[in-house]
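Here is the structure we will look at, set down as structure tokens.
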Amino acid sequence: MIDLRTLRDHPEQARDAQRRRGLSPDLIDEILAADEARRASIVAFERLRAEQKSLGVQVAQTQGEDRAALLASTKTLAQRVKAADTVQGEAEATFYESMLQLPNLASPEAPAGSEDDFVVLEHVGEPRNFKADGFEPLDHVELGKRLGAFDIERGAKVSGARFYYLTGVGAMLELALVQMAMERAQSSGFTPMIPPALVKPRAMEGTGFLGQAAADVYHLADDDFYLVGTSEVPLAAYHSDEILEMATLPRRYAAFSPCYRKEAGSYGKDTRGIFRVHWFDKVELFTYTTLEESYAEHRRLLQWEKEWLELLELPFRVIDVAAGDLGLSAARKFDCEAWIPTQGKYRELTSTSNCTEFQARRLGIRGRFETGVRSLATLNGTACAMTRTIVALLENHQQPDGSVRVPAVLQPYLQGRETLVPIA
RNA sequence: GGAGGUGUCGCAUAGUGGCCUAGUGCGCCCGCCUGCUAAGCGGGUUGAGGGUAAUCCCCUCUCGCGGGUUCAAAUCCCGCCACCUCCGCCA
């Protein structure tokens, strides 16, 4: 949710932000009208309620016939109060509903346009030249098969398309990545967390995943639980309806959790292997801070992610995601895309968003400062998404004999192994 | 899943239909007093929203949440949620 004051005072700015996302600016005017109606209904209700209260005091202090007369007049007043209350409730609901539809104001610095209008900020590392190395790279599916790292056929048998088992060295590789990411996050000041992956509607709504992204979300209708697509959800909701003391900011968390995504609308895309799946595990970084600090924090999260990919010795590029591809809650987003040799493309491995005050407003996350209580800002960033990282590691570090080199930093987490070798 | 109990201001408690604009104690903040500290004295201390451009002022809402009864609800009724105790089940 964005700041109402900003919306009232600078509607043109909000309309522009909508256009930059490729959305209609009409919603802004709809919201402003709903806000007018809401405030009028509040004034009407409060006036009647004050009248009712003072009459009530008189009733309590009066006896006999006078009291009976007062009761009669106050009775009709009660009906008017009730009617005004209903009107107000409806006006608030209409207003809130329209507010919920409005995405965060895209940062003026975010490139305008849709998915393809991103701006490449930099390249780190060079895509490997397999010709020079004298062999054709195998894709991760073939490599995984030879290493016994995962089992896609049985994943499909048991759970369906886009499911898999990590097996043997694949399972160990995930645990190694989790352990390494968590340790690194902790030493960078993030508190390790293992949050619930099933959440109530409030958490999902508050983080902005029930808007345009709702089609991608698994819902347990019997119990009204949602399966989270990222631990950003339980981490953001962690401090919902809380007021955090200024001295305790920023608060940084790193969570390991499974992620569930329907991947609706991606039929036929990335169907091979474990690149795009309905479930994967991820370590996610999350920060609560002030709006003023959020911009610097966003850069810090990006820096953390870049260093992570460098430690894994993966070539990648950093993109500044276009306004139309930000999702509901982000004002700005940077993705790190690793080079995938057999696809000949850079593909998203990490993503970091500054949600400014958008999620915090919806979830009632505030801070107490000298100047009073106000909304905080929330940011999130991928520390390590397991399946995609495994894909990138296998493909980039493969050797002619089908073995895979383990980056030095990861070796201590894999019993010191320097290479992963094909099973017999 | 079943039975019972509890839910009031940061904490502890009072309040069982209207003088509740929720009292008191502790803690905390400001001031006074005071060699220093403590004590003592005085004042303040939930959050949201509206009137307003406003940190002043006024008003409304807020006693776990949502409904209902009533002229009037912290208080009575219903539903839900959380926590505690016990039973069942389970990793």
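Starting from 1 in every chain, residues are counted up; chains themselves are A, B, ... following the order of the structure tokens, and ligands are numbered from 1 as listed.
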
Residue contacts of Pro137 in chain A (9 Å, only C-alpha atoms (C1' of nucleotides)) excluding same-chain residues fewer than 5 positions away, as a ChimeraX atom specification: /A:130,341-342,395-396,398-400,402

For chain A, report every residue with an atom at most 10 Å from chain B (counting only C-alpha atoms (C1' of nucleotides)), formatted as a ChimeraX atom specification. /A:39-43,45-50,52-53,55-61,68,70-79,243,371-373

Include C-alpha atoms and write out the residues we just selected as a PDB file, in the first residue's frame.
```
ATOM      1  CA  ARG A  39     -13.920  10.614   4.806  1.00  0.00           C
ATOM      2  CA  ALA A  40     -17.389  12.065   4.336  1.00  0.00           C
ATOM      3  CA  SER A  41     -18.903   8.946   5.871  1.00  0.00           C
ATOM      4  CA  ILE A  42     -16.536   9.178   8.834  1.00  0.00           C
ATOM      5  CA  VAL A  43     -17.488  12.786   9.540  1.00  0.00           C
ATOM      6  CA  PHE A  45     -20.786   8.936  11.686  1.00  0.00           C
ATOM      7  CA  GLU A  46     -18.650  10.721  14.252  1.00  0.00           C
ATOM      8  CA  ARG A  47     -21.093  13.616  14.554  1.00  0.00           C
ATOM      9  CA  LEU A  48     -24.005  11.288  15.280  1.00  0.00           C
ATOM     10  CA  ARG A  49     -21.969   9.191  17.660  1.00  0.00           C
ATOM     11  CA  ALA A  50     -20.928  12.213  19.709  1.00  0.00           C
ATOM     12  CA  GLN A  52     -25.555   9.778  21.048  1.00  0.00           C
ATOM     13  CA  LYS A  53     -22.904   9.712  23.722  1.00  0.00           C
ATOM     14  CA  LEU A  55     -27.605  11.906  25.292  1.00  0.00           C
ATOM     15  CA  GLY A  56     -26.622   8.645  26.915  1.00  0.00           C
ATOM     16  CA  VAL A  57     -25.008  10.499  29.809  1.00  0.00           C
ATOM     17  CA  GLN A  58     -28.208  12.493  30.264  1.00  0.00           C
ATOM     18  CA  VAL A  59     -30.287   9.324  30.348  1.00  0.00           C
ATOM     19  CA  ALA A  60     -28.072   7.901  33.058  1.00  0.00           C
ATOM     20  CA  GLN A  61     -28.465  11.019  35.182  1.00  0.00           C
ATOM     21  CA  ALA A  68     -38.769   8.088  29.417  1.00  0.00           C
ATOM     22  CA  LEU A  70     -35.137  10.995  26.602  1.00  0.00           C
ATOM     23  CA  LEU A  71     -35.184   7.288  25.912  1.00  0.00           C
ATOM     24  CA  ALA A  72     -37.690   7.780  23.117  1.00  0.00           C
ATOM     25  CA  SER A  73     -35.573  10.379  21.335  1.00  0.00           C
ATOM     26  CA  THR A  74     -32.366   8.505  21.802  1.00  0.00           C
ATOM     27  CA  LYS A  75     -33.925   5.402  20.322  1.00  0.00           C
ATOM     28  CA  THR A  76     -34.372   6.949  16.888  1.00  0.00           C
ATOM     29  CA  LEU A  77     -30.891   8.417  17.138  1.00  0.00           C
ATOM     30  CA  ALA A  78     -29.513   4.934  17.717  1.00  0.00           C
ATOM     31  CA  GLN A  79     -31.003   3.823  14.417  1.00  0.00           C
ATOM     32  CA  ILE A 243       6.258  -1.366  16.533  1.00  0.00           C
ATOM     33  CA  THR A 371       9.510  12.061  15.760  1.00  0.00           C
ATOM     34  CA  GLY A 372       6.901   9.410  16.456  1.00  0.00           C
ATOM     35  CA  VAL A 373       5.657   6.164  15.015  1.00  0.00           C
TER      36      VAL A 373
END
```

Residues near Ile423 in chain A, anyone? I mean within 10 Å using only C-alpha atoms (C1' of nucleotides), not counting same-chain ones fewer than 4 positions away, as an MDAnalysis selection string. chainID A and resid 145:149 169 403

Could the residues in this selection be written to a file with C-alpha atoms, as a short mmCIF file (atom, residue, chain, number, x, y, z; two decimals), in the first residue's frame?
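Once written, out_15.cif looks like this:
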```cif
data_model
loop_
_atom_site.label_atom_id
_atom_site.label_comp_id
_atom_site.auth_asym_id
_atom_site.auth_seq_id
_atom_site.Cartn_x
_atom_site.Cartn_y
_atom_site.Cartn_z
CA LYS A 145 21.86 -38.28 -14.52
CA ARG A 146 25.52 -39.22 -14.76
CA LEU A 147 26.32 -37.95 -11.28
CA GLY A 148 23.19 -39.47 -9.80
CA ALA A 149 22.36 -35.99 -8.49
CA VAL A 169 25.48 -36.01 -4.34
CA SER A 403 32.72 -34.79 -13.73
#
```

Could you write out, as a VMD selection string, all the residues of range 82-179 of chain A that DSSP marks as alpha helix (DSSP H)? chain A and resid 82 to 101 130 to 133 140 to 147 152 to 159 169 to 179

From CA of Thr382 in chain A to CA of Ile340 in chain A the spacing works out at 18.2 Å

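Summary of the local environment: counting only C-alpha atoms (C1' of nucleotides), residues at most 9 Å from range 20-29 of chain B, other than itself and those fewer than 4 positions away along its chain, are U8, C9, G10, C11, A12, U13, A14, G15, G44, U45, C63 and A74 of chain B.
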
Select from range 213-308 of chain A everything DSSP, run on the backbone, classes as strand (DSSP E), then give the selection as a PyMOL selection string. chain A and resi 218-220+225-227+242-245+251-260+279-289

Mind pulling up the distance from CA of Ser353 in chain A to CA of Ser329 in chain A? 8.5 Å

Close residues, U85 in chain B itself excluded, 12 Å, only C-alpha atoms (C1' of nucleotides), min 4 positions apart in chain, as a PyMOL selection string: chain B and resi 3-6
